>>> print(open('structure_21.tsv').read())   # TSV, C-alpha atoms
chain	number	residue	atom	x	y	z
A	94	MET	CA	58.09	-57.16	17.63
A	95	ASP	CA	59.48	-56.19	14.28
A	96	ASN	CA	56.11	-56.80	12.59
A	97	ALA	CA	54.26	-54.05	14.56
A	98	LEU	CA	52.12	-51.66	12.49
A	99	THR	CA	51.63	-48.01	13.05
A	100	VAL	CA	48.22	-46.61	13.84
A	101	THR	CA	48.08	-44.94	10.46
A	102	GLU	CA	48.93	-48.22	8.71
A	103	VAL	CA	46.14	-50.00	10.54
A	104	ASN	CA	43.64	-47.27	9.67
A	105	LEU	CA	44.70	-47.26	6.04
A	106	HIS	CA	44.43	-51.05	5.87
A	107	ILE	CA	40.91	-50.92	7.31
A	108	LYS	CA	40.06	-48.14	4.85
A	109	GLN	CA	41.24	-50.34	1.95
A	110	LEU	CA	39.17	-53.23	3.23
A	111	LEU	CA	36.04	-51.08	3.50
A	112	ASP	CA	36.60	-49.34	0.19
A	113	GLY	CA	36.92	-52.71	-1.47
A	114	GLN	CA	33.48	-53.87	-0.33
A	115	PRO	CA	30.86	-53.26	-3.08
A	116	LEU	CA	28.02	-53.24	-0.53
A	117	LEU	CA	29.61	-50.39	1.37
A	118	ASN	CA	30.36	-48.28	-1.70
A	119	GLY	CA	26.76	-47.63	-2.82
A	120	LEU	CA	24.30	-48.21	-0.02
A	121	THR	CA	21.22	-46.45	1.36
A	122	VAL	CA	20.81	-46.18	5.12
A	123	ARG	CA	17.57	-45.41	6.92
A	124	GLY	CA	17.67	-43.73	10.32
A	125	GLU	CA	16.79	-40.82	12.55
A	126	ALA	CA	18.99	-37.72	12.40
A	127	SER	CA	20.59	-36.43	15.57
A	128	ASN	CA	23.35	-33.93	16.43
A	129	TYR	CA	22.89	-32.35	13.01
A	130	ARG	CA	25.46	-29.58	12.52
A	131	VAL	CA	26.32	-27.34	9.60
A	132	TYR	CA	29.81	-25.90	9.86
A	133	PRO	CA	31.05	-22.61	8.39
A	134	SER	CA	32.88	-24.63	5.77
A	135	GLY	CA	29.51	-25.75	4.41
A	136	HIS	CA	30.01	-29.39	5.42
A	137	HIS	CA	27.19	-31.20	7.26
A	138	TYR	CA	27.96	-33.55	10.16
A	139	PHE	CA	25.32	-35.69	11.86
A	140	THR	CA	24.50	-39.10	13.24
A	141	LEU	CA	21.95	-41.61	12.00
A	142	LYS	CA	20.49	-43.83	14.67
A	143	ASP	CA	17.91	-46.51	15.20
A	144	ALA	CA	16.82	-48.42	18.29
A	145	GLU	CA	20.10	-50.31	18.64
A	146	GLY	CA	22.89	-48.41	16.96
A	147	VAL	CA	24.37	-45.20	15.59
A	148	LEU	CA	26.31	-44.31	12.46
A	149	LYS	CA	28.37	-41.16	12.05
A	150	CYS	CA	27.78	-39.36	8.78
A	151	VAL	CA	29.27	-36.49	6.80
A	152	MET	CA	28.01	-34.63	3.73
A	153	PHE	CA	30.43	-32.28	2.05
A	154	ARG	CA	29.50	-28.82	0.86
A	155	GLY	CA	29.13	-29.71	-2.83
A	156	GLU	CA	26.50	-32.39	-2.21
A	157	ALA	CA	24.84	-30.45	0.65
A	158	SER	CA	24.21	-27.44	-1.61
A	159	LYS	CA	21.86	-29.60	-3.69
A	160	LEU	CA	19.51	-30.39	-0.80
A	161	ALA	CA	15.88	-29.32	-1.44
A	162	PHE	CA	15.09	-29.29	2.29
A	163	ARG	CA	16.76	-28.48	5.61
A	164	PRO	CA	17.42	-31.65	7.65
A	165	GLN	CA	16.75	-31.35	11.39
A	166	ASP	CA	17.22	-33.46	14.48
A	167	GLY	CA	14.53	-36.12	14.82
A	168	MET	CA	13.79	-36.25	11.09
A	169	LYS	CA	13.62	-39.67	9.48
A	170	LEU	CA	16.15	-39.73	6.64
A	171	LEU	CA	17.30	-41.93	3.77
A	172	ALA	CA	21.06	-41.39	3.27
A	173	ARG	CA	22.87	-42.67	0.17
A	174	GLY	CA	26.63	-42.91	0.03
A	175	ARG	CA	29.66	-45.05	0.94
A	176	VAL	CA	31.18	-46.25	4.21
A	177	SER	CA	34.87	-45.53	4.69
A	178	VAL	CA	37.46	-44.59	7.31
A	179	PHE	CA	39.04	-41.23	7.90
A	180	PRO	CA	42.60	-42.37	8.70
A	181	ARG	CA	43.39	-39.47	10.97
A	182	ASP	CA	40.57	-40.28	13.40
A	183	GLY	CA	40.37	-44.02	12.86
A	184	GLN	CA	36.56	-43.89	12.73
A	185	TYR	CA	34.44	-45.21	9.97
A	186	GLN	CA	31.53	-43.10	8.81
A	187	LEU	CA	29.02	-42.74	6.02
A	188	TYR	CA	30.07	-40.27	3.34
A	189	CYS	CA	26.68	-39.08	2.03
A	190	SER	CA	26.08	-38.15	-1.59
A	191	ALA	CA	22.31	-37.61	-1.23
A	192	LEU	CA	19.71	-37.17	1.50
A	193	GLU	CA	15.93	-37.26	1.40
A	194	PRO	CA	13.17	-37.45	3.99
A	195	ASP	CA	11.93	-40.94	4.69
A	196	GLY	CA	8.27	-41.87	4.11
A	197	VAL	CA	5.84	-39.15	5.26
A	198	GLY	CA	8.81	-36.92	5.79
A	199	ALA	CA	9.41	-36.87	2.04
A	200	LEU	CA	5.84	-35.77	1.39
A	201	ALA	CA	6.08	-33.11	4.06
A	202	ALA	CA	9.24	-31.75	2.49
A	203	ALA	CA	7.63	-31.71	-0.96
A	204	PHE	CA	4.60	-29.95	0.55
A	205	GLU	CA	6.72	-27.21	2.11
A	206	LYS	CA	8.73	-26.76	-1.07
A	207	LEU	CA	5.64	-26.33	-3.25
A	208	LYS	CA	3.98	-24.13	-0.64
A	209	ALA	CA	6.98	-21.79	-0.57
A	210	LYS	CA	7.08	-21.66	-4.38
A	211	LEU	CA	3.38	-20.84	-4.84
A	212	GLN	CA	3.38	-18.36	-1.99
A	213	ALA	CA	6.27	-16.50	-3.60
A	214	GLU	CA	4.27	-16.33	-6.84
A	215	GLY	CA	1.30	-14.78	-5.02
A	216	LEU	CA	-1.16	-17.68	-5.35
A	217	PHE	CA	-2.09	-17.36	-1.66
A	218	ASP	CA	-2.59	-13.59	-1.76
A	219	GLY	CA	-5.79	-12.67	0.07
A	220	ALA	CA	-6.36	-9.58	-2.11
A	221	ARG	CA	-7.19	-11.75	-5.15
A	222	LYS	CA	-9.65	-14.04	-3.37
A	223	GLN	CA	-13.25	-13.77	-4.57
A	224	PRO	CA	-16.29	-13.48	-2.30
A	225	LEU	CA	-18.80	-16.30	-2.37
A	226	PRO	CA	-22.19	-15.51	-3.96
A	227	ALA	CA	-24.87	-14.83	-1.35
A	228	PHE	CA	-27.57	-16.82	-3.15
A	229	PRO	CA	-26.00	-19.31	-5.57
A	230	ARG	CA	-28.32	-20.79	-8.17
A	231	VAL	CA	-25.95	-23.59	-9.24
A	232	ILE	CA	-23.40	-25.20	-6.89
A	233	GLY	CA	-20.75	-27.48	-8.39
A	234	LEU	CA	-19.11	-30.33	-6.43
A	235	VAL	CA	-15.72	-31.48	-7.70
A	236	THR	CA	-15.37	-34.74	-5.77
A	237	SER	CA	-15.80	-38.48	-5.91
A	238	PRO	CA	-19.39	-39.46	-6.67
A	239	ALA	CA	-19.05	-42.58	-4.49
A	240	GLY	CA	-17.59	-41.13	-1.32
A	241	ALA	CA	-19.27	-40.21	1.94
A	242	ALA	CA	-18.25	-36.57	1.40
A	243	VAL	CA	-20.58	-36.04	-1.56
A	244	ARG	CA	-23.52	-37.51	0.37
A	245	ASP	CA	-22.80	-35.23	3.33
A	246	MET	CA	-22.64	-32.16	1.09
A	247	LEU	CA	-25.83	-33.05	-0.78
A	248	ARG	CA	-27.64	-33.60	2.50
A	249	VAL	CA	-26.54	-30.23	3.93
A	250	LEU	CA	-27.23	-28.33	0.70
A	251	ASN	CA	-30.71	-29.82	0.38
A	252	ALA	CA	-31.51	-28.94	3.98
A	253	ARG	CA	-30.18	-25.38	3.83
A	254	TRP	CA	-30.92	-24.19	0.28
A	255	PRO	CA	-33.06	-26.70	-1.65
A	256	MET	CA	-33.81	-24.23	-4.46
A	257	ALA	CA	-30.18	-24.39	-5.69
A	258	GLU	CA	-29.25	-26.81	-8.44
A	259	VAL	CA	-26.32	-29.07	-7.49
A	260	ARG	CA	-24.02	-30.40	-10.22
A	261	VAL	CA	-21.52	-33.11	-9.37
A	262	PHE	CA	-18.33	-33.20	-11.43
A	263	PRO	CA	-17.17	-36.77	-10.78
A	264	VAL	CA	-13.42	-37.22	-10.29
A	265	ARG	CA	-11.04	-39.55	-8.55
A	266	VAL	CA	-9.73	-37.95	-5.37
A	267	GLN	CA	-6.64	-40.10	-4.78
A	268	GLY	CA	-4.14	-41.94	-6.89
A	269	GLU	CA	-2.00	-40.94	-9.84
A	270	GLU	CA	-4.91	-39.94	-12.07
A	271	ALA	CA	-6.65	-37.81	-9.45
A	272	PRO	CA	-4.75	-34.48	-9.95
A	273	SER	CA	-5.36	-34.39	-13.71
A	274	GLU	CA	-9.07	-35.27	-13.33
A	275	ILE	CA	-9.60	-32.60	-10.64
A	276	THR	CA	-7.77	-30.02	-12.77
A	277	GLU	CA	-9.82	-30.86	-15.88
A	278	ALA	CA	-13.12	-30.69	-13.95
A	279	ILE	CA	-12.31	-27.20	-12.62
A	280	GLU	CA	-11.25	-25.98	-16.07
A	281	TYR	CA	-14.34	-27.53	-17.72
A	282	ALA	CA	-16.74	-25.89	-15.25
A	283	ASN	CA	-15.09	-22.52	-15.91
A	284	ALA	CA	-14.95	-22.90	-19.68
A	285	HIS	CA	-18.70	-23.54	-19.88
A	286	ASN	CA	-19.76	-21.40	-16.88
A	287	LEU	CA	-21.53	-24.37	-15.30
A	288	ALA	CA	-21.72	-23.13	-11.69
A	289	ASP	CA	-21.90	-20.04	-9.53
A	290	LEU	CA	-19.63	-21.68	-6.95
A	291	LEU	CA	-17.35	-24.75	-6.81
A	292	ILE	CA	-16.67	-26.94	-3.78
A	293	ILE	CA	-13.49	-28.96	-4.31
A	294	GLY	CA	-12.58	-31.72	-1.89
A	295	ARG	CA	-13.03	-35.12	-0.33
A	296	GLY	CA	-13.40	-36.80	3.04
A	297	GLY	CA	-10.64	-37.54	5.50
A	298	GLY	CA	-7.65	-39.82	5.02
A	299	SER	CA	-3.91	-40.12	5.43
A	300	LEU	CA	-1.47	-37.58	4.02
A	301	GLU	CA	-0.92	-39.90	1.08
A	302	ASP	CA	-4.68	-40.15	0.49
A	303	LEU	CA	-5.06	-36.36	0.39
A	304	TRP	CA	-1.97	-35.80	-1.74
A	305	ALA	CA	-3.89	-35.06	-4.96
A	306	PHE	CA	-4.93	-31.74	-3.40
A	307	ASN	CA	-1.26	-30.85	-2.88
A	308	ASP	CA	-0.60	-31.13	-6.60
A	309	GLU	CA	0.66	-28.01	-8.39
A	310	ARG	CA	-1.71	-28.55	-11.33
A	311	VAL	CA	-4.73	-28.54	-9.03
A	312	ALA	CA	-3.45	-25.44	-7.22
A	313	ARG	CA	-3.02	-23.49	-10.44
A	314	ALA	CA	-6.44	-24.54	-11.74
A	315	ILE	CA	-8.05	-23.26	-8.53
A	316	TYR	CA	-6.06	-20.03	-8.77
A	317	ALA	CA	-7.18	-19.47	-12.38
A	318	SER	CA	-10.85	-20.22	-11.66
A	319	LYS	CA	-13.22	-17.34	-12.36
A	320	ILE	CA	-15.87	-19.24	-10.39
A	321	PRO	CA	-15.45	-18.73	-6.61
A	322	THR	CA	-14.00	-21.84	-4.95
A	323	VAL	CA	-14.29	-23.53	-1.56
A	324	SER	CA	-11.62	-26.07	-0.58
A	325	ALA	CA	-12.99	-28.88	1.60
A	326	VAL	CA	-10.29	-31.52	2.01
A	327	GLY	CA	-10.29	-34.01	4.86
A	328	HIS	CA	-10.94	-33.09	8.45
A	329	GLU	CA	-10.29	-29.81	10.27
A	330	PRO	CA	-6.60	-30.52	11.15
A	331	ASP	CA	-5.80	-31.46	7.54
A	332	VAL	CA	-4.32	-28.61	5.52
A	333	THR	CA	-3.50	-28.87	1.82
A	334	ILE	CA	-2.14	-26.56	-0.85
A	335	SER	CA	-5.69	-26.31	-2.24
A	336	ASP	CA	-6.80	-24.79	1.07
A	337	TYR	CA	-4.25	-21.99	0.69
A	338	VAL	CA	-5.16	-21.20	-2.92
A	339	ALA	CA	-8.97	-21.45	-2.77
A	340	ASP	CA	-11.10	-18.39	-2.09
A	341	VAL	CA	-12.46	-19.99	1.11
A	342	ARG	CA	-11.16	-22.90	3.15
A	343	ALA	CA	-13.69	-25.16	4.89
A	344	ALA	CA	-12.85	-27.45	7.79
A	345	THR	CA	-14.83	-30.38	6.31
A	346	PRO	CA	-17.00	-31.06	3.25
A	347	SER	CA	-20.12	-30.56	5.38
A	348	ASN	CA	-18.77	-27.23	6.57
A	349	ALA	CA	-18.12	-26.27	2.94
A	350	ALA	CA	-21.79	-26.88	2.12
A	351	GLU	CA	-22.76	-24.66	5.07
A	352	LEU	CA	-20.47	-21.88	3.84
A	353	ALA	CA	-21.67	-22.18	0.24
A	354	ALA	CA	-25.43	-22.14	0.82
A	355	PRO	CA	-27.51	-19.71	2.88
A	356	ASP	CA	-29.86	-21.16	5.48
A	357	ALA	CA	-33.38	-21.06	4.03
A	358	ALA	CA	-34.95	-21.47	7.48
A	359	GLU	CA	-33.01	-18.50	8.81
A	360	TRP	CA	-33.97	-16.41	5.79
A	361	LYS	CA	-37.60	-17.39	6.24
A	362	ILE	CA	-37.48	-16.05	9.79
A	363	ARG	CA	-35.83	-12.83	8.59
A	364	LEU	CA	-38.37	-12.37	5.77
A	365	ASN	CA	-41.26	-13.00	8.15
A	366	SER	CA	-39.83	-10.35	10.45
A	367	VAL	CA	-39.56	-7.89	7.56
A	368	ARG	CA	-43.11	-8.74	6.46
A	369	SER	CA	-44.40	-8.12	10.00
A	370	ARG	CA	-42.68	-4.74	10.13
A	371	MET	CA	-44.05	-3.79	6.71
A	372	ALA	CA	-47.56	-4.86	7.72
A	373	GLY	CA	-47.30	-2.78	10.91
A	374	GLN	CA	-46.08	0.24	8.98
A	375	LEU	CA	-48.90	-0.16	6.44
A	376	GLU	CA	-51.48	-0.41	9.24
A	377	ARG	CA	-50.14	2.76	10.87
A	378	SER	CA	-50.22	4.56	7.52
A	379	LEU	CA	-53.82	3.49	6.88
A	380	LYS	CA	-54.84	4.57	10.38
A	381	HIS	CA	-53.32	8.00	9.83
A	382	SER	CA	-55.02	8.31	6.43
A	383	ARG	CA	-58.40	7.34	7.91
A	384	ALA	CA	-58.02	9.96	10.64
A	385	LEU	CA	-57.08	12.58	8.07
A	386	LEU	CA	-60.06	11.63	5.90
A	387	ALA	CA	-62.43	11.86	8.88
A	388	ALA	CA	-61.11	15.32	9.74
A	389	ARG	CA	-61.52	16.47	6.15
A	390	ALA	CA	-65.05	15.07	6.04
A	391	GLN	CA	-66.03	17.38	8.91
A	392	SER	CA	-64.65	20.47	7.19
A	393	ARG	CA	-67.03	23.31	6.18
A	394	VAL	CA	-66.10	22.97	2.52
A	395	LEU	CA	-67.30	19.39	2.27
A	396	ARG	CA	-70.40	20.04	4.35
A	397	GLY	CA	-71.54	22.95	2.09
A	398	PRO	CA	-70.12	23.17	-1.46
A	399	THR	CA	-70.90	26.93	-1.73
A	400	ALA	CA	-69.09	27.65	1.53
A	401	TYR	CA	-65.77	27.57	-0.28
A	402	ILE	CA	-67.01	30.19	-2.78
A	403	GLU	CA	-68.35	32.36	0.03
A	404	ASP	CA	-65.07	32.13	1.88
A	405	ARG	CA	-63.16	33.08	-1.27
A	406	ARG	CA	-65.64	35.95	-1.95
A	407	MET	CA	-65.07	37.36	1.52
A	408	SER	CA	-61.35	37.07	1.00
A	409	VAL	CA	-61.66	38.95	-2.32
A	410	THR	CA	-63.78	41.67	-0.67
A	411	HIS	CA	-61.25	42.02	2.12
A	412	LEU	CA	-58.38	42.21	-0.36
A	413	ASP	CA	-60.32	44.76	-2.49
A	414	GLY	CA	-60.76	46.99	0.53
A	415	ARG	CA	-57.09	46.74	1.42
A	416	LEU	CA	-56.15	47.49	-2.20
A	417	SER	CA	-58.43	50.56	-2.37
A	418	ARG	CA	-57.08	51.96	0.86
A	419	ALA	CA	-53.55	51.35	-0.27
A	420	ALA	CA	-54.23	53.04	-3.63
A	421	SER	CA	-55.81	56.04	-1.94
A	422	ALA	CA	-52.88	56.39	0.40
A	423	VAL	CA	-50.41	56.21	-2.49
A	424	LEU	CA	-52.46	58.72	-4.52
A	425	ALA	CA	-52.66	61.15	-1.60
A	426	GLU	CA	-48.93	60.90	-1.06
A	427	LYS	CA	-48.26	61.57	-4.76
A	428	ARG	CA	-50.64	64.56	-4.78
A	429	GLY	CA	-48.80	66.05	-1.84
A	430	VAL	CA	-45.47	65.58	-3.60
A	431	PHE	CA	-46.94	67.19	-6.74
A	432	ALA	CA	-48.28	70.15	-4.84
A	433	ARG	CA	-44.97	70.82	-3.16
A	434	SER	CA	-43.11	70.54	-6.42
A	435	ALA	CA	-45.60	72.85	-8.18
A	436	GLY	CA	-45.18	75.43	-5.43
A	437	ARG	CA	-41.42	75.40	-5.76
A	438	LEU	CA	-41.68	75.58	-9.53
A	439	ASP	CA	-44.15	78.48	-9.38
A	440	ALA	CA	-41.87	80.37	-7.07
A	441	LEU	CA	-39.09	80.08	-9.63
A	442	SER	CA	-41.32	80.96	-12.66
A	443	PRO	CA	-40.37	84.11	-14.68
A	444	LEU	CA	-44.05	84.96	-14.98
A	445	LYS	CA	-44.11	85.32	-11.22
A	446	VAL	CA	-41.39	87.93	-11.51
A	447	LEU	CA	-43.31	89.79	-14.23
A	448	SER	CA	-46.40	90.02	-12.03
A	449	ARG	CA	-44.42	92.07	-9.57
A	450	GLY	CA	-43.83	94.87	-12.20
A	451	TYR	CA	-40.74	93.54	-13.92
A	452	SER	CA	-40.37	92.91	-17.68
A	453	ILE	CA	-37.99	90.81	-19.91
A	454	ALA	CA	-36.28	92.10	-23.09
A	455	VAL	CA	-35.87	89.39	-25.79
A	456	THR	CA	-34.07	89.80	-29.16
A	457	GLY	CA	-35.49	88.56	-32.43
A	458	ASP	CA	-33.43	85.36	-32.22
A	459	GLY	CA	-34.85	84.58	-28.75
A	460	LYS	CA	-31.91	85.70	-26.63
A	461	THR	CA	-32.58	87.62	-23.42
A	462	LEU	CA	-30.97	91.05	-23.05
A	463	ARG	CA	-29.50	90.93	-19.56
A	464	ARG	CA	-27.26	94.02	-19.70
A	465	ALA	CA	-27.64	97.37	-21.45
A	466	SER	CA	-24.26	96.90	-23.03
A	467	ASP	CA	-25.65	93.84	-24.90
A	468	ALA	CA	-28.03	96.07	-26.95
A	469	ARG	CA	-27.09	98.04	-30.08
A	470	ILE	CA	-28.53	101.37	-31.21
A	471	GLY	CA	-31.38	100.67	-33.59
A	472	GLN	CA	-31.73	97.05	-32.52
A	473	LEU	CA	-35.28	95.73	-32.43
A	474	PHE	CA	-36.40	93.66	-29.41
A	475	LYS	CA	-39.55	92.57	-27.65
A	476	LEU	CA	-40.37	93.61	-24.14
A	477	ARG	CA	-42.40	90.92	-22.40
A	478	MET	CA	-44.64	92.26	-19.64
A	479	THR	CA	-47.16	90.58	-17.35
A	480	ASP	CA	-50.12	91.33	-19.64
A	481	GLY	CA	-48.48	91.30	-23.09
A	482	ILE	CA	-45.52	92.10	-25.36
A	483	LEU	CA	-44.20	95.48	-26.64
A	484	ASN	CA	-42.18	95.67	-29.85
A	485	CYS	CA	-39.35	98.17	-29.15
A	486	GLN	CA	-36.23	99.69	-30.74
A	487	VAL	CA	-33.09	100.93	-29.01
A	488	ARG	CA	-32.83	104.69	-29.55
A	489	GLU	CA	-30.19	105.38	-26.97
A	490	ASN	CA	-27.93	103.19	-24.82
A	491	GLU	CA	-27.07	104.51	-21.36
A	492	ALA	CA	-24.92	101.65	-20.12
A	493	GLY	CA	-23.46	101.98	-16.66
A	494	ASP	CA	-24.34	101.55	-13.02
A	495	ILE	CA	-27.86	102.50	-12.00
>>> encode(input="structure_21.tsv", output="structure tokens")
Amino acid sequence: MDNALTVTEVNLHIKQLLDGQPLLNGLTVRGEASNYRVYPSGHHYFTLKDAEGVLKCVMFRGEASKLAFRPQDGMKLLARGRVSVFPRDGQYQLYCSALEPDGVGALAAAFEKLKAKLQAEGLFDGARKQPLPAFPRVIGLVTSPAGAAVRDMLRVLNARWPMAEVRVFPVRVQGEEAPSEITEAIEYANAHNLADLLIIGRGGGSLEDLWAFNDERVARAIYASKIPTVSAVGHEPDVTISDYVADVRAATPSNAAELAAPDAAEWKIRLNSVRSRMAGQLERSLKHSRALLAARAQSRVLRGPTAYIEDRRMSVTHLDGRLSRAASAVLAEKRGVFARSAGRLDALSPLKVLSRGYSIAVTGDGKTLRRASDARIGQLFKLRMTDGILNCQVRENEAGDI
């Protein structure tokens, strides 16, 4: 068997055959990912499968680094690349150059990518969300004018708060033109201050139907709105980017109308309750005032006009008596103090000394001669006695102890 081939030769020949097939060098394969593995080298290895077969796949690090999403087992994928054989293993596989989610999976991946981007920028931050006005005068509806959602919202708003004016900003809510129309309606309402509150949304539908509310332009218009916003897209399980950005998220359009408008019937009950309490308080106040008036009407002053004067006259007489007694007591006390002071002063008076036989010698300049040594021979002085004054002259000075 001189014509026998080696294993490597067979594998290389098969590789050449596969590499030479144009169909296998630029094809797209649809399938479900399984056994998805990312190795430390950065290469991705996985299997694509459908109901009847499997295809081994590899995506090298350079191409894998460009992925905008993280593939996982069970995800529907579209894989583009070429089919070839790795000679060492003798297995053919798909060498992937690009991967993307298939169908709804692609939309879900785009949703998560935009959500992560806007969240990182702070568009979902709860601290910037505005409160809804308690009693809106004008409520704007950014929605389709022909859908069931607008009829539901108008019905609820009219039942709950009929005094509010409702302005519909007609837009398409699905299709390629929908995001730009929704964005322009929000910006127009803000530019002209046409509402106190905006409800933005539509009725239920598939993910594709609701996709306009996952548009980045719509999200940024809601974020920039100075008018408080309520996002009301689809049914309760449906969640869109608009729901994350809006000030309030409603489960349905009808629920949005309930959140936007107060319940007039409930407020009527509350106001009636307040009115009843006020009426009761007023009745109690009037009853108290009537009782007070009746008591005052029986008073002596009102029964006899001069009684008040008589009462005041008696009070004045009583006060006059108290004042007189107080004045007399003060005067008596002061007289006693004066008498005691006069007695002490009289006891210290020089005249008192003179009455006991003593006299006082005073010089011409008014100085008192206290000692004999203070007088000079021939000096004139006055000798004050109890009944008069003697003019004297010193003839002889006998100074010394007596």
>>> atom_distance(input="structure_21.tsv", atom1="atom CA of A:His137", atom2="atom CA of A:Cys150")
8.3 Å
>>> closest_residue(input="structure_21.tsv", among="A:Thr479, A:Tyr337, A:Trp360, A:Ser318", to="A:Gln212", atoms="only C-alpha atoms")
A:Tyr337
>>> residues_around(input="structure_21.tsv", residues="stretch 174-182 of chain A", least_positions_apart="2", cutoff="6 Å", atoms="all atoms listed in the file", output="number ranges by chain")
A: 104-105, 108, 111, 117-120, 184-190
>>> residues_around(input="structure_21.tsv", residues="A:Asp218", least_positions_apart="3", cutoff="12 Å", atoms="all atoms listed in the file", output="PyMOL selection string")
chain A and resi 211-215+221-223+316+337-340
>>> residues_around(input="structure_21.tsv", residues="stretch 288-299 of chain A", least_positions_apart="3", cutoff="7 Å", atoms="only C-alpha atoms", output="PDB file with C-alpha atoms, in the frame of the given file")
ATOM      1  CA  PRO A 229     -26.000 -19.310  -5.570  1.00  0.00           C
ATOM      2  CA  ARG A 230     -28.320 -20.790  -8.170  1.00  0.00           C
ATOM      3  CA  VAL A 231     -25.950 -23.590  -9.240  1.00  0.00           C
ATOM      4  CA  ILE A 232     -23.400 -25.200  -6.890  1.00  0.00           C
ATOM      5  CA  GLY A 233     -20.750 -27.480  -8.390  1.00  0.00           C
ATOM      6  CA  LEU A 234     -19.110 -30.330  -6.430  1.00  0.00           C
ATOM      7  CA  VAL A 235     -15.720 -31.480  -7.700  1.00  0.00           C
ATOM      8  CA  THR A 236     -15.370 -34.740  -5.770  1.00  0.00           C
ATOM      9  CA  ALA A 241     -19.270 -40.210   1.940  1.00  0.00           C
ATOM     10  CA  ALA A 242     -18.250 -36.570   1.400  1.00  0.00           C
ATOM     11  CA  VAL A 266      -9.730 -37.950  -5.370  1.00  0.00           C
ATOM     12  CA  ALA A 282     -16.740 -25.890 -15.250  1.00  0.00           C
ATOM     13  CA  ASP A 302      -4.680 -40.150   0.490  1.00  0.00           C
ATOM     14  CA  LEU A 303      -5.060 -36.360   0.390  1.00  0.00           C
ATOM     15  CA  ILE A 320     -15.870 -19.240 -10.390  1.00  0.00           C
ATOM     16  CA  PRO A 321     -15.450 -18.730  -6.610  1.00  0.00           C
ATOM     17  CA  THR A 322     -14.000 -21.840  -4.950  1.00  0.00           C
ATOM     18  CA  VAL A 323     -14.290 -23.530  -1.560  1.00  0.00           C
ATOM     19  CA  SER A 324     -11.620 -26.070  -0.580  1.00  0.00           C
ATOM     20  CA  ALA A 325     -12.990 -28.880   1.600  1.00  0.00           C
ATOM     21  CA  VAL A 326     -10.290 -31.520   2.010  1.00  0.00           C
ATOM     22  CA  GLY A 327     -10.290 -34.010   4.860  1.00  0.00           C
ATOM     23  CA  HIS A 328     -10.940 -33.090   8.450  1.00  0.00           C
ATOM     24  CA  PRO A 346     -17.000 -31.060   3.250  1.00  0.00           C
ATOM     25  CA  ALA A 349     -18.120 -26.270   2.940  1.00  0.00           C
TER      26      ALA A 349
END
>>> residues_around(input="structure_21.tsv", residues="stretch 123-131 of chain A", least_positions_apart="2", cutoff="7 Å", atoms="all atoms listed in the file", output="number ranges by chain")
A: 121, 133, 135-143, 165-172
>>> closest_residue(input="structure_21.tsv", among="A:Thr101, A:Asn348, A:Asn286, A:Ser273", to="A:Val249", atoms="only C-alpha atoms")
A:Asn348
>>> atom_distance(input="structure_21.tsv", atom1="atom CA of A:Gly183", atom2="atom CA of A:Leu148")
14.1 Å
